[in-house]
Structures are given as structure tokens and as C-alpha cells.
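Peer 1: mmCIF, C-alpha atoms, saved as final-v1.cif, coming up:
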data_structure
#
loop_
_atom_site.label_atom_id
_atom_site.label_comp_id
_atom_site.auth_asym_id
_atom_site.auth_seq_id
_atom_site.Cartn_x
_atom_site.Cartn_y
_atom_site.Cartn_z
CA MET L 1 82.68 54.16 -70.15
CA ILE L 2 86.13 52.64 -69.56
CA THR L 3 89.48 54.38 -70.15
CA ILE L 4 92.63 52.32 -69.62
CA SER L 5 96.01 54.07 -69.53
CA HIS L 6 99.52 52.57 -69.28
CA LEU L 7 98.19 49.40 -67.65
CA SER L 8 100.86 46.92 -66.57
CA LYS L 9 100.99 43.65 -64.67
CA THR L 10 104.17 42.07 -63.32
CA TYR L 11 104.41 38.77 -61.46
CA TYR L 12 107.14 38.28 -58.86
CA ASP L 13 108.54 34.82 -58.13
CA PRO L 14 109.85 33.89 -54.66
CA ASP L 15 113.36 33.55 -56.10
CA GLY L 16 113.33 37.23 -57.07
CA THR L 17 112.70 36.84 -60.81
CA THR L 18 109.96 38.90 -62.44
CA PHE L 19 107.72 38.35 -65.45
CA GLN L 20 105.82 41.24 -67.02
CA VAL L 21 102.63 40.00 -68.68
CA LEU L 22 101.05 43.39 -69.47
CA LYS L 23 103.49 46.11 -70.48
CA ASP L 24 101.71 49.28 -71.54
CA VAL L 25 98.05 48.76 -72.42
CA ASN L 26 96.05 51.79 -73.52
CA CYS L 27 92.48 51.87 -74.86
CA GLU L 28 88.99 53.34 -74.52
CA ILE L 29 85.86 51.20 -74.42
CA LYS L 30 82.54 52.86 -75.20
CA PRO L 31 79.01 51.73 -74.25
CA GLY L 32 77.58 49.17 -76.68
CA GLU L 33 80.92 48.11 -78.14
CA VAL L 34 81.64 44.43 -78.65
CA ILE L 35 85.41 43.99 -78.56
CA CYS L 36 86.98 40.62 -79.30
CA ILE L 37 90.51 40.18 -78.01
CA ILE L 38 92.60 37.82 -80.11
CA GLY L 39 96.25 36.85 -80.22
CA PRO L 40 98.70 34.01 -79.53
CA SER L 41 98.61 32.15 -76.23
CA GLY L 42 100.62 33.77 -73.43
CA THR L 43 100.27 37.36 -74.66
CA GLY L 44 98.22 38.59 -71.68
CA LYS L 45 94.66 38.40 -73.02
CA SER L 46 93.09 36.73 -69.97
CA THR L 47 95.30 38.71 -67.59
CA PHE L 48 94.01 41.90 -69.23
CA LEU L 49 90.38 40.94 -68.52
CA ARG L 50 91.14 39.90 -64.96
CA ALA L 51 92.97 43.18 -64.38
CA ILE L 52 89.98 45.22 -65.61
CA ASN L 53 87.71 43.37 -63.16
CA LEU L 54 90.31 43.55 -60.32
CA LEU L 55 90.37 39.76 -60.02
CA ASP L 56 94.11 40.05 -60.68
CA PRO L 57 94.94 43.67 -59.76
CA PRO L 58 97.41 45.41 -62.09
CA THR L 59 100.74 46.71 -60.83
CA GLY L 60 100.64 50.00 -62.73
CA GLY L 61 98.50 52.39 -64.76
CA SER L 62 94.91 53.49 -64.34
CA ILE L 63 91.42 52.20 -65.16
CA ILE L 64 88.72 54.86 -65.25
CA VAL L 65 85.17 53.47 -65.12
CA ASP L 66 82.36 56.03 -65.34
CA GLY L 67 84.78 58.77 -64.29
CA GLU L 68 86.29 56.94 -61.29
CA ASN L 69 89.75 55.39 -61.06
CA ILE L 70 89.02 51.89 -59.79
CA LEU L 71 92.71 51.43 -58.88
CA ALA L 72 92.56 54.32 -56.42
CA LYS L 73 93.10 53.37 -52.78
CA GLY L 74 89.80 52.73 -51.04
CA TYR L 75 87.72 52.25 -54.18
CA PRO L 76 84.79 49.95 -53.22
CA VAL L 77 85.30 46.81 -55.29
CA HIS L 78 81.68 45.71 -54.76
CA LYS L 79 80.64 48.79 -56.78
CA LEU L 80 82.68 47.50 -59.73
CA ARG L 81 81.17 44.02 -59.38
CA ARG L 82 77.72 45.54 -59.97
CA LYS L 83 78.87 47.29 -63.13
CA MET L 84 80.95 44.51 -64.68
CA GLY L 85 80.04 40.83 -65.05
CA MET L 86 82.52 38.04 -65.76
CA VAL L 87 82.08 34.72 -67.56
CA PHE L 88 84.95 32.27 -67.09
CA GLN L 89 86.17 29.50 -69.39
CA ASN L 90 85.59 26.87 -66.67
CA PHE L 91 82.08 28.07 -65.69
CA ASN L 92 82.73 28.41 -61.91
CA LEU L 93 79.18 27.46 -60.95
CA PHE L 94 78.34 26.47 -57.36
CA ASP L 95 77.91 22.68 -57.52
CA HIS L 96 75.85 22.52 -54.31
CA MET L 97 73.23 24.94 -55.71
CA THR L 98 70.62 24.33 -58.39
CA VAL L 99 70.83 26.19 -61.68
CA LEU L 100 68.25 28.75 -60.52
CA GLU L 101 69.95 29.18 -57.15
CA ASN L 102 73.23 29.91 -58.95
CA VAL L 103 71.53 32.70 -60.89
CA MET L 104 69.70 34.09 -57.83
CA TYR L 105 72.64 34.05 -55.42
CA ALA L 106 74.40 37.34 -56.30
CA PRO L 107 71.23 39.47 -56.64
CA CYS L 108 70.04 38.26 -53.23
CA LYS L 109 73.43 38.43 -51.52
CA ILE L 110 74.87 41.62 -53.03
CA LEU L 111 71.89 43.58 -54.35
CA LYS L 112 69.67 42.46 -51.43
CA GLU L 113 66.85 41.68 -53.83
CA ASP L 114 63.63 40.12 -52.60
CA ILE L 115 63.79 36.34 -53.08
CA GLU L 116 60.60 36.17 -55.14
CA LYS L 117 61.77 39.00 -57.39
CA ALA L 118 65.17 37.34 -57.82
CA ARG L 119 63.45 34.04 -58.64
CA GLU L 120 61.22 35.67 -61.23
CA GLU L 121 64.14 37.46 -62.87
CA GLY L 122 66.29 34.33 -62.68
CA LEU L 123 63.71 32.26 -64.54
CA ALA L 124 63.39 34.98 -67.18
CA LEU L 125 67.16 34.98 -67.71
CA LEU L 126 67.29 31.18 -67.90
CA ARG L 127 64.52 31.34 -70.49
CA LYS L 128 66.60 33.88 -72.41
CA VAL L 129 69.56 31.47 -72.64
CA GLY L 130 67.38 28.41 -73.27
CA MET L 131 67.94 26.82 -69.85
CA VAL L 132 64.66 27.38 -67.97
CA GLU L 133 63.79 23.66 -68.14
CA LYS L 134 66.96 22.93 -66.14
CA ALA L 135 66.20 25.48 -63.39
CA ASP L 136 65.91 22.88 -60.61
CA VAL L 137 68.78 20.56 -61.53
CA TYR L 138 72.35 20.73 -60.26
CA PRO L 139 75.30 21.73 -62.50
CA SER L 140 76.80 18.23 -62.36
CA SER L 141 74.04 16.96 -64.63
CA LEU L 142 74.63 19.59 -67.34
CA SER L 143 76.81 19.54 -70.44
CA GLY L 144 79.61 22.07 -70.80
CA GLY L 145 77.57 24.23 -73.16
CA GLN L 146 74.62 24.22 -70.77
CA LYS L 147 76.85 25.19 -67.84
CA GLN L 148 78.26 28.12 -69.80
CA ARG L 149 74.78 29.36 -70.71
CA VAL L 150 73.87 29.26 -67.00
CA ALA L 151 77.06 31.20 -66.25
CA ILE L 152 75.98 33.87 -68.76
CA ALA L 153 72.53 34.09 -67.11
CA ARG L 154 74.25 34.44 -63.72
CA ALA L 155 76.35 37.34 -65.02
CA LEU L 156 73.25 39.04 -66.47
CA ALA L 157 71.40 38.72 -63.16
CA MET L 158 73.46 41.58 -61.73
CA HIS L 159 72.26 43.93 -64.50
CA PRO L 160 75.85 44.76 -65.48
CA GLU L 161 76.84 47.61 -67.75
CA ALA L 162 79.49 45.37 -69.34
CA ILE L 163 80.36 41.67 -69.41
CA LEU L 164 83.86 40.21 -69.76
CA PHE L 165 84.13 36.77 -71.40
CA ASP L 166 87.37 34.86 -70.83
CA GLU L 167 87.56 32.28 -73.64
CA PRO L 168 83.93 31.19 -73.07
CA THR L 169 84.14 28.23 -75.48
CA SER L 170 87.67 26.91 -74.87
CA ALA L 171 86.58 24.25 -72.35
CA LEU L 172 83.68 23.02 -74.49
CA ASP L 173 83.29 20.04 -76.76
CA PRO L 174 83.27 21.44 -80.33
CA THR L 175 79.66 20.33 -80.79
CA MET L 176 78.58 22.67 -77.95
CA VAL L 177 80.43 25.81 -79.04
CA GLY L 178 77.61 27.04 -81.28
CA GLU L 179 74.96 27.17 -78.55
CA VAL L 180 77.11 29.48 -76.40
CA LEU L 181 78.17 31.72 -79.27
CA SER L 182 74.53 32.15 -80.33
CA VAL L 183 73.67 33.52 -76.86
CA ILE L 184 76.59 35.98 -77.06
CA ARG L 185 75.48 37.03 -80.55
CA GLN L 186 72.01 37.81 -79.19
CA LEU L 187 73.50 39.94 -76.38
CA ALA L 188 75.51 41.83 -79.00
CA LYS L 189 72.33 42.58 -80.96
CA GLU L 190 70.75 43.91 -77.76
CA GLY L 191 73.61 46.40 -77.29
CA MET L 192 75.42 44.84 -74.32
CA THR L 193 78.98 46.13 -73.90
CA MET L 194 81.27 43.10 -74.08
CA LEU L 195 84.97 42.25 -74.08
CA ILE L 196 85.54 38.72 -75.32
CA VAL L 197 88.81 36.81 -75.32
CA THR L 198 88.35 34.19 -78.03
CA HIS L 199 90.13 31.88 -80.44
CA GLU L 200 87.04 31.61 -82.66
CA MET L 201 88.13 33.82 -85.55
CA LYS L 202 84.92 33.59 -87.60
CA PHE L 203 82.86 34.47 -84.54
CA ALA L 204 85.17 37.40 -83.73
CA ARG L 205 84.79 38.73 -87.25
CA ASP L 206 81.00 38.35 -87.28
CA VAL L 207 80.08 39.72 -83.85
CA SER L 208 82.68 42.41 -83.06
CA THR L 209 82.54 46.14 -83.52
CA ARG L 210 86.29 46.25 -82.75
CA ILE L 211 89.17 43.82 -82.52
CA PHE L 212 92.15 44.05 -80.17
CA PHE L 213 95.12 41.99 -81.35
CA MET L 214 97.33 41.44 -78.32
CA TYR L 215 100.97 40.55 -78.78
CA GLU L 216 103.82 40.55 -76.27
CA GLY L 217 101.81 42.21 -73.52
CA VAL L 218 100.38 45.16 -75.47
CA ILE L 219 97.46 45.89 -77.78
CA HIS L 220 99.55 45.50 -80.92
CA GLU L 221 96.71 46.51 -83.25
CA ASP L 222 93.22 47.93 -82.69
CA GLY L 223 90.72 48.20 -85.54
CA THR L 224 87.45 47.14 -87.09
CA PRO L 225 86.98 43.45 -87.94
CA GLN L 226 87.25 44.32 -91.63
CA GLN L 227 90.55 46.13 -91.15
CA ILE L 228 92.09 43.52 -88.84
CA PHE L 229 91.09 40.50 -90.92
CA GLU L 230 91.38 41.94 -94.44
CA ASN L 231 94.04 44.65 -94.21
CA PRO L 232 96.08 44.38 -90.99
CA HIS L 233 98.76 47.03 -90.61
CA ARG L 234 101.22 44.97 -88.55
CA SER L 235 103.03 41.89 -89.83
CA ALA L 236 102.40 39.98 -86.58
CA THR L 237 98.66 40.58 -86.94
CA LYS L 238 98.71 39.41 -90.54
CA ALA L 239 100.59 36.23 -89.66
CA PHE L 240 98.14 35.43 -86.86
CA VAL L 241 94.84 35.96 -88.70
CA GLN L 242 96.01 34.06 -91.76
CA ARG L 243 96.94 30.93 -89.81
CA ILE L 244 96.24 27.70 -91.64
CA ARG L 245 95.61 24.52 -89.67
CA LYS L 246 96.62 21.39 -91.51
CA GLN L 247 97.21 17.66 -91.33
CA VAL L 248 99.35 15.87 -93.89
CA PHE L 249 99.42 12.21 -94.98
CA GLU L 250 102.11 10.63 -97.17
CA VAL L 251 100.43 7.78 -99.07
CA ASP L 252 103.31 5.65 -100.29
CA GLY L 253 101.50 2.54 -101.59
CA PRO L 254 98.47 0.21 -101.41
CA ASP L 255 99.37 -0.94 -97.87
CA PHE L 256 99.03 2.56 -96.43
CA ASP L 257 96.81 2.75 -93.28
CA PHE L 258 93.73 4.33 -94.89
CA LEU L 259 91.50 3.59 -91.88
CA GLY L 260 93.94 5.51 -89.68
CA MET L 261 93.84 8.41 -92.15
CA TYR L 262 90.02 8.59 -92.06
CA THR L 263 90.10 8.52 -88.25
CA ALA L 264 92.68 11.33 -88.20
CA ILE L 265 90.56 13.44 -90.60
CA ASN L 266 87.52 12.90 -88.38
CA LEU L 267 89.48 14.03 -85.30
CA PHE L 268 90.77 17.07 -87.23
CA CYS L 269 87.18 18.07 -88.07
CA ILE L 270 86.08 17.63 -84.44
CA LYS L 271 89.05 19.60 -83.10
CA TYR L 272 88.40 22.60 -85.33
CA ASN L 273 84.61 22.58 -85.05
CA ILE L 274 83.90 21.51 -88.63
CA SER L 275 82.35 18.12 -87.88
CA ASP L 276 79.59 18.88 -90.38
CA LYS L 277 82.20 18.63 -93.16
CA TYR L 278 83.58 15.24 -92.20
CA LYS L 279 81.23 13.00 -94.21
CA ARG L 280 81.82 14.98 -97.40
CA ALA L 281 85.57 15.03 -96.75
CA GLU L 282 85.62 11.26 -96.19
CA THR L 283 83.57 10.62 -99.34
CA LEU L 284 85.86 12.82 -101.43
CA VAL L 285 89.04 11.19 -100.09
CA LYS L 286 87.68 7.68 -100.75
CA LEU L 287 86.60 8.64 -104.27
CA MET L 288 90.02 10.13 -105.03
CA MET L 289 92.09 7.37 -103.41
CA ASP L 290 90.05 4.32 -104.43
CA ASP L 291 89.02 5.39 -107.92
CA ILE L 292 90.10 8.63 -109.58
CA MET L 293 93.74 8.67 -108.44
CA ALA L 294 94.20 5.06 -107.37
CA ALA L 295 97.02 4.56 -109.87
CA TYR L 296 99.14 7.43 -108.55
CA ARG L 297 101.57 6.62 -105.73
CA PRO L 298 103.31 8.06 -103.83
CA MET L 299 100.94 10.93 -103.14
CA THR L 300 100.67 13.65 -100.50
CA VAL L 301 97.17 14.16 -99.10
CA ARG L 302 96.45 17.19 -96.93
CA ILE L 303 93.41 18.64 -95.17
CA THR L 304 93.60 22.34 -94.29
CA GLN L 305 91.34 24.75 -92.41
CA SER L 306 91.69 28.54 -92.63
CA GLU L 307 90.92 30.49 -89.45
CA LEU L 308 90.23 33.62 -91.47
CA SER L 309 87.87 32.32 -94.16
CA SER L 310 86.74 29.05 -92.50
CA ASP L 311 87.47 27.33 -95.84
CA THR L 312 88.35 23.65 -95.71
CA HIS L 313 90.44 22.17 -98.53
CA LEU L 314 91.53 18.67 -99.44
CA ASP L 315 94.79 18.60 -101.44
CA PHE L 316 96.07 15.66 -103.48
CA MET L 317 99.62 16.24 -104.79
CA VAL L 318 101.63 13.87 -106.97
CA GLN L 319 105.33 14.62 -107.21
CA GLY L 320 106.79 14.86 -110.71
CA MET L 321 103.40 15.00 -112.46
CA GLU L 322 103.15 17.78 -115.08
CA ASN L 323 99.48 17.75 -116.08
CA THR L 324 96.12 17.20 -114.40
CA PRO L 325 95.07 13.57 -114.04
CA LEU L 326 91.36 14.51 -114.14
CA ASN L 327 89.09 14.03 -117.14
CA ASP L 328 85.65 15.54 -117.68
CA ALA L 329 83.81 12.48 -116.36
CA GLN L 330 85.81 12.55 -113.12
CA ARG L 331 85.19 16.26 -112.69
CA GLY L 332 81.51 15.46 -113.06
CA GLN L 333 81.81 12.93 -110.23
CA LEU L 334 83.51 15.42 -107.93
CA ALA L 335 81.45 18.53 -108.68
CA PRO L 336 78.30 17.63 -106.65
CA LEU L 337 80.45 16.80 -103.61
CA CYS L 338 82.55 19.97 -103.33
CA GLN L 339 82.23 23.70 -103.89
CA GLN L 340 85.26 24.11 -106.13
CA ILE L 341 87.86 22.04 -107.98
CA ILE L 342 91.28 23.63 -108.46
CA GLU L 343 93.88 21.98 -110.70
CA GLU L 344 97.32 23.57 -110.46
CA PRO L 345 100.99 22.80 -111.06
CA THR L 346 103.37 23.15 -108.09
CA THR L 347 107.14 23.34 -107.81
CA ARG L 348 107.16 19.63 -106.94
CA GLY L 349 104.45 18.26 -109.22
CA PHE L 350 100.71 18.70 -109.77
CA ARG L 351 97.95 19.27 -107.21
CA ILE L 352 94.18 18.77 -107.12
CA LYS L 353 92.58 21.00 -104.51
CA LEU L 354 88.95 20.45 -103.49
CA LEU L 355 86.98 23.03 -101.47
CA VAL L 356 84.80 20.98 -99.10
#
Please go through the file and, once you have read it, give me the structure as C-alpha cells.

Peer 2:
Amino acid sequence: MITISHLSKTYYDPDGTTFQVLKDVNCEIKPGEVICIIGPSGTGKSTFLRAINLLDPPTGGSIIVDGENILAKGYPVHKLRRKMGMVFQNFNLFDHMTVLENVMYAPCKILKEDIEKAREEGLALLRKVGMVEKADVYPSSLSGGQKQRVAIARALAMHPEAILFDEPTSALDPTMVGEVLSVIRQLAKEGMTMLIVTHEMKFARDVSTRIFFMYEGVIHEDGTPQQIFENPHRSATKAFVQRIRKQVFEVDGPDFDFLGMYTAINLFCIKYNISDKYKRAETLVKLMMDDIMAAYRPMTVRITQSELSSDTHLDFMVQGMENTPLNDAQRGQLAPLCQQIIEEPTTRGFRIKLLV
């Protein structure tokens, strides 16, 4: 369906300096594939999508779509727009049009569809993404997640052969991410060809047929989700997928700002879309700090979140301690509140690790 060879993109500044974002990108994309594009910020992921759709034309290479080089002089761009939909991170809806009018606009304007037919299809697509009840309202009254679902319906209205998603959840409140990802999951089940730039590692692993790991302007590694996440061949890929997010607190005595710590843990859970774990995390920290390990100060408390496994841990480490401070009764208190209790010596002391 799409063959990309030696694709490059260079930006030229007025002062004569140049910056090459895409260096030598090569890949083939087959019908029905769901390819998630992951990698550090600034490695060309979004530029790659925009180049494929000619929103930001590349400076070198070729893109063959259904046997035609879309970079050839005179290629009709409107033909590509019919084949390839685009969903942006900031929605890009028309604020002066209702939700239904947003969905109907391109089929009427570009495909010259009959208004009644476009309306009928538009309502069906809004029903598909759970937004038919909002058909007659304006985008300003919608949440971010609702706007993105409308944007997906708008892309589908052109009956594209493929859809490009440029970080579709990055502008959303964490509580709204799930509703958008569920729509994309459904499209994947239906066999829609999709390229998705995302920072949601669990989603990328679950929904993809292939993963592109982009690094320094190239596709550094291309493989199945299992290979990329469990056995990456490149060290840069391994370092990226095994990233651990963390927040550390040094509890030095009874006057420590515990309220500030609970607030920070709550914000950590919101930021990384694990708000459902906050209450259990708070309960566990209070039980450990106020009761089980109240006598141990100073202590290092840490909350961590793994992008790869989605595991959330609470660590309580006491420097200089040689043995576990837990007894059987305390383990019995903790067990119903967490999935696992790990007691382990460290180079600095002893640590209790709780899997939330």
C-alpha cells in the first residue's frame, strides 16, 4: 500500500543554518497494519506523519502509494487526501460549525456528496464513536476527549484507506485518554490501516501489529510489539521502553510535610494516567508511615511507574537497616491492599517494595 524510500526532511533557517529532522527513512506499510511509532521527543515522529500526508512535504526520497509516487511533480494532492485521513493532537475542529457539520464538511466539499447522504453517514459515524447525542452542539462545549472522538469521525467520513494519528491523546486530561484509545482499538479490530504516534506504551503494545522506534531521524528499530518490548535488538530501544517514571521523598523526621507528599503522589498518578491507583497508594503510604514503619527515620519513600509493564510500586528504604522490619501481623495488614510485598536488602540498607 505504501512504500517509503530514503525519505528526508531538512529545515532551512533564514540565517543559513539547516536542521535535518528525517535522515533516511525506509519502510513498507501493508493494508490492515496498525503501526505505532514511538521514541523520544524531537526524533521526527510527527514530522514523519506530516511528510507522508504532504502536510509538511519532504525534501528527499520517495513515497509510493498504490503504485504512484506522491512526491512526483504534478501529483494531485486531493487524491491523497481521499486515501489518507489525519487526526491531530489538537483536534483542529471548525469552531463555527456544529459537530455534525464538522463531520459532513469534507464529504460535501471534496467528494461532492449529497447533503442528506452526508448527514446520514455523519450521524452513523458519530454513533460509532459515541458522540451522536452531541451532533448539534458546537466544539466549544465539548471536553478534549469528545473533541478527539469527533475528529476521528471526521477522518472516517472520507472513507480513507489509512488514518494517521499524531499523538491523539497528548492534549487530553488523563481521565479522557481511555475513551479515545477505545475508539482506536475498535478501528484496529475492524482492519483499518493506521499509523499512530503515541507515548502510551501499554496501548502501543496492545493494539499494534508493528512498532517503529524512531531515534535521531531514522526508524532505528522495526519489529513486532513482542520483539520491541521484550527483546529489543538496539540498546537505544531497550533504554526507551524500559523507562521508569519516579518521584522520591526523603522523610527525615516527624515534622516532614506529609500532606505535601500525598498531594504530590496524587499529581503523579494523574500525570501518568493511573488515578485509579491513588487511593490504594495513599492508604498504603499512611499505613506504612503512621503505623508499621513510624519508628524508622530517616527513610526514603518512592513511587515508580513502569512504561513497559504499567506496574506501580511504592518503595520504603531505611539506610543502614540489615533485616526486614515487617512481622507476620503487619504483612497480613498489607496483603489485602497490594498485589505483592517484596522485602530485600540494598547496598544502602533494607527496602520494602509494595506492588500497588

Peer 1: For a quick check of understanding, using all atoms listed in the file, which of L:Pro58, L:Gly260, L:Gly253, L:Pro345 has the smallest distance to L:Ala72?

Peer 2: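 Of L:Pro58, L:Gly260, L:Gly253, L:Pro345, the one nearest L:Ala72 is L:Pro58, counting all atoms listed in the file.
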
Peer 1: For stretch 196-201 of chain L, find every residue with an atom within 9 Å (counting only C-alpha atoms), except residues of its own chain fewer than 3 positions away, and show them as a PyMOL selection string.

Peer 2: chain L and resi 34-40+45-46+49+163-170+204-206+241+307-310

Peer 1: Write out as a list in words each polymer residue whose atoms come within 10 Å of L:Arg351, counting all atoms listed in the file; drop sequence neighbours fewer than 2 positions from it.

Peer 2: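 Residues near the query, excluding close chain neighbours: Met299, Thr300, Val301, Asp315, Phe316, Met317, Val318, Gln319, Met321, Glu322, Asn323, Thr324, Pro325, Ile342, Glu343, Glu344, Pro345, Thr346, Arg348, Gly349, Lys353 and Leu354 of chain L.
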
Peer 1: Skipping near chain neighbours, those fewer than 5 positions away, what residues fall within 7 Å of L:Ala118 using only C-alpha atoms, listed as a PyMOL selection string?

Peer 2: chain L and resi 104+107-108+113

Peer 1: Choose the residue, out of L:Thr209, L:Asn53, L:Thr347, L:Thr312, that has the smallest atom-to-atom separation from L:Ile244; count only C-alpha atoms.

Peer 2: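 Once distances to L:Ile244 are computed over only C-alpha atoms, the minimum belongs to L:Thr312.
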
Peer 1: Taking the file as shown, find all residues satisfying the PyMOL selection byres ((chain L and resi 274) around 10) and write them as a PyMOL selection string.

Peer 2: chain L and resi 174-175+266-273+275-278+305+310-312

Peer 1: Hey, what's within 6 Å of stretch 12-29 of chain L if we count all atoms listed in the file and toss same-chain stuff fewer than 6 positions away? As a list in words, please?

Peer 2: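 Contacts, with the query itself left out: Ile2, Thr3, Ile4, Ser5, His6, Gly44, Gly217 and Val218 of chain L.
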
Peer 1: Between L:Ala106, L:Leu181, L:Ile341, L:Met84, which one has atoms that come closest to L:Thr193, using only C-alpha atoms?

Peer 2: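 The closest residue to L:Thr193 is L:Met84.
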
Peer 1: Between L:Ala151, L:Leu172, L:Ala157, L:Leu7, which one has atoms that come closest to L:Arg119, using all atoms listed in the file?

Peer 2: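 Of L:Ala151, L:Leu172, L:Ala157, L:Leu7, the one nearest L:Arg119 is L:Ala157, counting all atoms listed in the file.
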
Peer 1: What would the selection look like, as a PyMOL selection string, if the PyMOL selection byres ((chain L and resi 281) around 9) were run on the coordinates I just shared?

Peer 2: chain L and resi 265-266+277-280+282-286+303+313-314+337-338+356

Peer 1: Run through the PyMOL selection byres ((chain L and resi 160) around 7) on the given coordinates and return the selected residues as a VMD selection string.

Peer 2: chain L and resid 82 to 85 156 158 to 159 161 to 163

Peer 1: Take the structure in the block and write a file for stretch 193-243 of chain L, C-alpha atoms, as a compact mmCIF listing (two decimals), in the first residue's frame.

Peer 2:
# COMPACT_ATOMS: atom_id res chain seq x y z
CA THR L 193 -4.69 0.67 8.36
CA MET L 194 -3.28 3.08 10.93
CA LEU L 195 -0.02 4.82 11.80
CA ILE L 196 -0.11 6.15 15.35
CA VAL L 197 2.47 8.37 17.01
CA THR L 198 1.98 7.74 20.71
CA HIS L 199 3.61 7.91 24.13
CA GLU L 200 1.13 5.38 25.57
CA MET L 201 3.38 2.32 25.76
CA LYS L 202 0.77 -0.14 27.06
CA PHE L 203 -1.64 0.92 24.31
CA ALA L 204 1.11 0.58 21.67
CA ARG L 205 1.89 -2.92 22.87
CA ASP L 206 -1.76 -4.00 22.96
CA VAL L 207 -3.05 -2.57 19.67
CA SER L 208 -0.09 -2.69 17.25
CA THR L 209 0.83 -5.24 14.65
CA ARG L 210 4.21 -3.48 14.30
CA ILE L 211 6.24 -0.91 16.20
CA PHE L 212 8.57 1.69 14.70
CA PHE L 213 11.10 3.01 17.21
CA MET L 214 12.35 6.32 15.84
CA TYR L 215 15.65 7.73 17.03
CA GLU L 216 17.76 10.55 15.60
CA GLY L 217 15.67 10.94 12.45
CA VAL L 218 15.52 7.29 11.34
CA ILE L 219 13.49 4.17 12.08
CA HIS L 220 16.06 2.78 14.48
CA GLU L 221 14.18 -0.49 15.02
CA ASP L 222 11.14 -2.08 13.37
CA GLY L 223 9.51 -5.18 14.83
CA THR L 224 6.51 -6.81 16.44
CA PRO L 225 5.31 -5.45 19.79
CA GLN L 226 6.62 -8.59 21.48
CA GLN L 227 10.08 -8.18 19.97
CA ILE L 228 10.33 -4.42 20.61
CA PHE L 229 9.09 -4.55 24.19
CA GLU L 230 10.53 -7.89 25.34
CA ASN L 231 13.67 -8.40 23.26
CA PRO L 232 14.79 -5.18 21.53
CA HIS L 233 17.91 -5.54 19.41
CA ARG L 234 19.22 -1.99 19.84
CA SER L 235 20.42 -0.52 23.12
CA ALA L 236 18.61 2.78 22.50
CA THR L 237 15.32 0.91 22.05
CA LYS L 238 15.88 -1.06 25.23
CA ALA L 239 16.63 2.08 27.24
CA PHE L 240 13.50 3.79 25.93
CA VAL L 241 10.95 1.01 26.50
CA GLN L 242 12.25 0.25 29.98
CA ARG L 243 11.88 3.83 31.21
